[in-house]
Every structure is written in structure tokens, then in C-alpha cells.
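Scroll down for the structure; my scribbles are underneath it.
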Amino acid sequence: MIRTLNILFLLVSTKVEEAGKKAAEQGAPELPNFITLLYERYGKTALVQFLHTWQNVVFSLIIILILGFVAYFSSRRKTLLPGRLQNFMEMAVEGLDNFFCGILGPRGRKFTPFLGTLFIYILCMNFLGLIPGMKSPSSSLNTTVALAICVFLYVQFTGIKNLGIVGYLDHLAGNPRDFITWVLVPINLPIHIIGELAKPMSLSLRLFGNITGEDILIAVFVSLGVMALSFLNLPVGLPLQVPFIFLALLTGTIQALVFTLLSTIYFLLMFPHEEEKH
């Protein structure tokens, strides 16, 4: 599999040096994807221009379609003795449910569909950029901000639903119960509001920065591999990027887990105090 992946990387490497130089001038070197290659050749076509403008959305939709097909075929014919795909999906859902319920308690089960989908979606987006001709949508700040906003809105909705309007405002005010805490309300309230607004910002920037760094690192070493053999006039280069592909698999998984774990903790903070024991 790694050999095939390496060969595919080398097949597109003929365009890497030229595309890398152009991207480097813009401050963001990265491997060209199939939309970028189409744009370089058929850039005047309306459809190609549309795809180039919305390429992050296109690659996000590719992930959605893949996950949709996997979910459909794994649940189409459910049996007591599941096949490999159904068994794998059941194990994944059970593992995610145990993970989230271990943090949120019994009430966490209703958040498993959202948080589990969030983890799998981000994980697949992180890995998509490792496939030649593809791109990680999570390397775009627009994508990560959109995900963080979804988490933020759901967390605030959960807080209002669980605590009520008065309880939600009391939470933002720092739960004042005595004279000193009431005096500190003018300080605690802005701090809590800023903190709530900073949560989606930190989620989006962390994911964006790490995945963008991975893509740049791989692109740089692919370019170095091509330039190392440029004197031979070959359409391939040294596979210097292979070790960093393994690193990207590890860090991509970690970043998806961190994003989801922090989102889970944000939900936990919106539970009534008696639920925080779980």
C-alpha cells in the first residue's frame, strides 16, 4: 500500500515544483490537487473556475458522500451475525459511545451521534490530503471555523436547554452565591463571555494550523525529492516524503481526537453541577 501511495505521489510530482513555487510566492506551498491541475490547464472554463473557488467544499462533499455510502451499505442488511463492514461499524459506534459516556455520563449517549460524526468526519478530512490528487479540507480555516461554530452553537443551545435562561446567565456570571461573588460579577461575566467565544477560535486555529503544517511539510519534501534528481531529467524524485506520511497519519488522528475531546468537555461544562460527577 505504501509503495502504491509513493508511486502515485511521484506521478503528480512533475507538477509539484512549478506549483510549489507559485504557492510559495503566496506563502502556502502545498501539493497540487486534481482541481488545481484542472485550473492550470482549463482555468478559463466556468465549471473549473467554480470548482477552484469552492474546492474545499468539493473535497468536504467527497468525504460526506464516502461516509454516506459506507453508512448505507453497512446498515442496509443488518443481521444477527454481522458481516465485516457491519461488525466494524458496530465496533466503532460502540467504542465512541463508551468514550463519550465515560466523560459525560449516561446523558452523553444522546451526544454520541453528533460527537462521533464530528470525529470521523474530521479524521477523514485530515487523511484525504494524503491521497495524491486530493486535499485536506481541514487545512482551510473556513472549514475549521465552520466546524467550531457548529460546536459552539450546539454547546450554547445545550446550556440554555439544561440550565434554563436564568441558570445559563447564572453560569456566565460565575454562579454568584454570596456578597463577594456578586461583587465579582462585573469581572466574571465578561471573562466567561470572552472564554465562550474563544473556545471555537481555539478549536479552529489548532486544527487548521496542524493540518496545514503537515501538508506544507509533505509538499516541501516532495519538492526536495524532485529537485534532488532534477539533473537526470526524470519525471520522478526521491521518496523523501514517506516518513512524514506516517507522521501525518498519527498527528491527523490526534488532531481529530483533540478537537472532539475538547468539544465533549465543552458540553460537560454546560451540564448542571450534579452531572459533573460522571
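Identifiers in this document derive from the order of the C-alpha cells: chains are assigned A, B, ..., residues are numbered from 1 separately in each chain, and ligands are numbered from 1 in order of occurrence.
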
- [ ] Write out as a count of residues only which residues come within 10 Å of Phe157 in chain A when counting only C-alpha atoms, dropping same-chain ones fewer than 5 positions away.
- [x] 8

Open item on the list: What's around range 50-52 of chain A at 8 Å? Count only C-alpha atoms, leave out sequence neighbours fewer than 3 positions away in its own chain, and write the answer as a list in words.
Closed with: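 Residues meeting the cut-off are Ile35, Thr36, Tyr39, Ala46, Leu47, Gln55 and Val58 of chain A.
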
Okay, now the selection with N, CA and C atoms, as a PDB file, in the first residue's frame?
```pdb
ATOM      1  N   ILE A  35      -8.151  19.489  -8.777  1.00  0.00           N
ATOM      2  CA  ILE A  35      -8.817  20.735  -9.156  1.00  0.00           C
ATOM      3  C   ILE A  35      -7.787  21.790  -9.532  1.00  0.00           C
ATOM      4  N   THR A  36      -6.689  21.835  -8.783  1.00  0.00           N
ATOM      5  CA  THR A  36      -5.622  22.779  -9.114  1.00  0.00           C
ATOM      6  C   THR A  36      -5.030  22.482 -10.485  1.00  0.00           C
ATOM      7  N   TYR A  39      -7.395  23.562 -13.096  1.00  0.00           N
ATOM      8  CA  TYR A  39      -7.432  25.018 -13.192  1.00  0.00           C
ATOM      9  C   TYR A  39      -6.240  25.548 -13.980  1.00  0.00           C
ATOM     10  N   ALA A  46     -15.824  27.924 -17.029  1.00  0.00           N
ATOM     11  CA  ALA A  46     -16.651  28.373 -15.897  1.00  0.00           C
ATOM     12  C   ALA A  46     -16.749  27.303 -14.819  1.00  0.00           C
ATOM     13  N   LEU A  47     -16.921  26.046 -15.225  1.00  0.00           N
ATOM     14  CA  LEU A  47     -17.049  24.963 -14.255  1.00  0.00           C
ATOM     15  C   LEU A  47     -15.771  24.791 -13.453  1.00  0.00           C
ATOM     16  N   GLN A  55     -13.172  24.690  -3.853  1.00  0.00           N
ATOM     17  CA  GLN A  55     -12.530  23.383  -3.784  1.00  0.00           C
ATOM     18  C   GLN A  55     -12.606  22.752  -2.402  1.00  0.00           C
ATOM     19  N   VAL A  58     -15.899  21.177  -2.168  1.00  0.00           N
ATOM     20  CA  VAL A  58     -15.948  19.984  -3.023  1.00  0.00           C
ATOM     21  C   VAL A  58     -15.325  18.790  -2.321  1.00  0.00           C
TER      22      VAL A  58
END
```

TODO: Could you jot down the CA of Asn188 in chain A to CA of Pro272 in chain A separation for me, Å, one decimal place?
DONE: 18.7 Å

Task: A:Phe259, A:Ile218, A:Leu96, A:Asn142 ranked by distance to Trp54 in chain A, top pick (using only C-alpha atoms) - done: A:Asn142

Task: Neighbour list for Ala148 in chain A as a VMD selection string, cut-off 10 Å, only C-alpha atoms, skip fewer than 2 positions in-chain - done: chain A and resid 142 to 146 150 to 154 199 to 205 207 259 263

Written file, previous selection with C-alpha atoms, as a PDB file, in the first residue's frame:
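Produced file again.pdb, reproduced below:
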```
ATOM      1  CA  ASN A 142     -13.051  28.363   6.581  1.00  0.00           C
ATOM      2  CA  THR A 143     -13.732  24.661   7.139  1.00  0.00           C
ATOM      3  CA  THR A 144     -12.375  24.512  10.683  1.00  0.00           C
ATOM      4  CA  VAL A 145     -14.187  27.712  11.695  1.00  0.00           C
ATOM      5  CA  ALA A 146     -17.462  26.295  10.333  1.00  0.00           C
ATOM      6  CA  CYS A 150     -21.405  24.246  14.847  1.00  0.00           C
ATOM      7  CA  VAL A 151     -19.924  23.004  18.127  1.00  0.00           C
ATOM      8  CA  PHE A 152     -20.250  26.442  19.724  1.00  0.00           C
ATOM      9  CA  LEU A 153     -23.924  26.843  18.799  1.00  0.00           C
ATOM     10  CA  TYR A 154     -24.798  23.311  19.913  1.00  0.00           C
ATOM     11  CA  LYS A 199     -13.399  28.200  22.533  1.00  0.00           C
ATOM     12  CA  PRO A 200     -14.436  27.934  18.857  1.00  0.00           C
ATOM     13  CA  MET A 201     -11.496  30.139  17.879  1.00  0.00           C
ATOM     14  CA  SER A 202      -9.009  27.861  19.637  1.00  0.00           C
ATOM     15  CA  LEU A 203     -10.604  24.728  18.151  1.00  0.00           C
ATOM     16  CA  SER A 204     -10.484  26.061  14.598  1.00  0.00           C
ATOM     17  CA  LEU A 205      -6.977  27.522  14.766  1.00  0.00           C
ATOM     18  CA  LEU A 207      -6.874  22.051  13.720  1.00  0.00           C
ATOM     19  CA  PHE A 259     -10.976  18.580  18.570  1.00  0.00           C
ATOM     20  CA  SER A 263     -15.893  19.654  22.243  1.00  0.00           C
TER      21      SER A 263
END
```

TODO: Kindly indicate which residue among A:Met227, A:Leu65, A:Ile191, A:Val155 lies nearest to Leu269 in chain A, using only C-alpha atoms for the distances.
DONE: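 For Leu269 in chain A, the nearest of the given residues is A:Val155.
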
List every residue of range 55-93 of chain A that has an atom at most 10 Å from any atom of range 115-124 of chain A, giving for each one its closest atom pair and the distance in Å to one decimal, counting only C-alpha atoms, sorted by chain and then by ascending residue number, as CSV.
```
residue,atom,partner,partner_atom,distance
A:Ser60,CA,A:Tyr121,CA,8.9
A:Ile63,CA,A:Cys124,CA,6.7
A:Ile64,CA,A:Tyr121,CA,7.7
A:Ile66,CA,A:Cys124,CA,9.5
A:Leu67,CA,A:Tyr121,CA,8.0
A:Ala92,CA,A:Gly116,CA,9.0
A:Val93,CA,A:Gly116,CA,7.5
```

TODO: Would you return as number ranges by chain the members of range 17-266 of chain A that DSSP assigns to helix (DSSP H, G or I) on this structure's backbone?
DONE: A: 17-25, 34-42, 46-53, 55-75, 84-104, 106-128, 137-139, 141-172, 179-183, 185-228, 230-232, 242-266

Task: Selected residue, from A:Ala219, A:Val185, A:Leu197, A:Asp97, that lies nearest to Asn33 in chain A when counting only C-alpha atoms - done: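 Under the stated criterion, the closest residue is A:Ala219.
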
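Across A:Gly133, A:Phe127, A:Leu61, A:Ala228, the tightest approach to Gln255 in chain A is made by A:Phe127 when counting only C-alpha atoms.
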
Open item on the list: I'd like the neighbourhood of Gly213 in chain A as a PyMOL selection string, where a residue qualifies if any of its atoms comes within 12 Å (using only C-alpha atoms), though same-chain residues fewer than 5 positions away should be ignored.
Closed with: chain A and resi 28-30+126+129+136+138-140+205-208+218-220+244+247-248+251-252
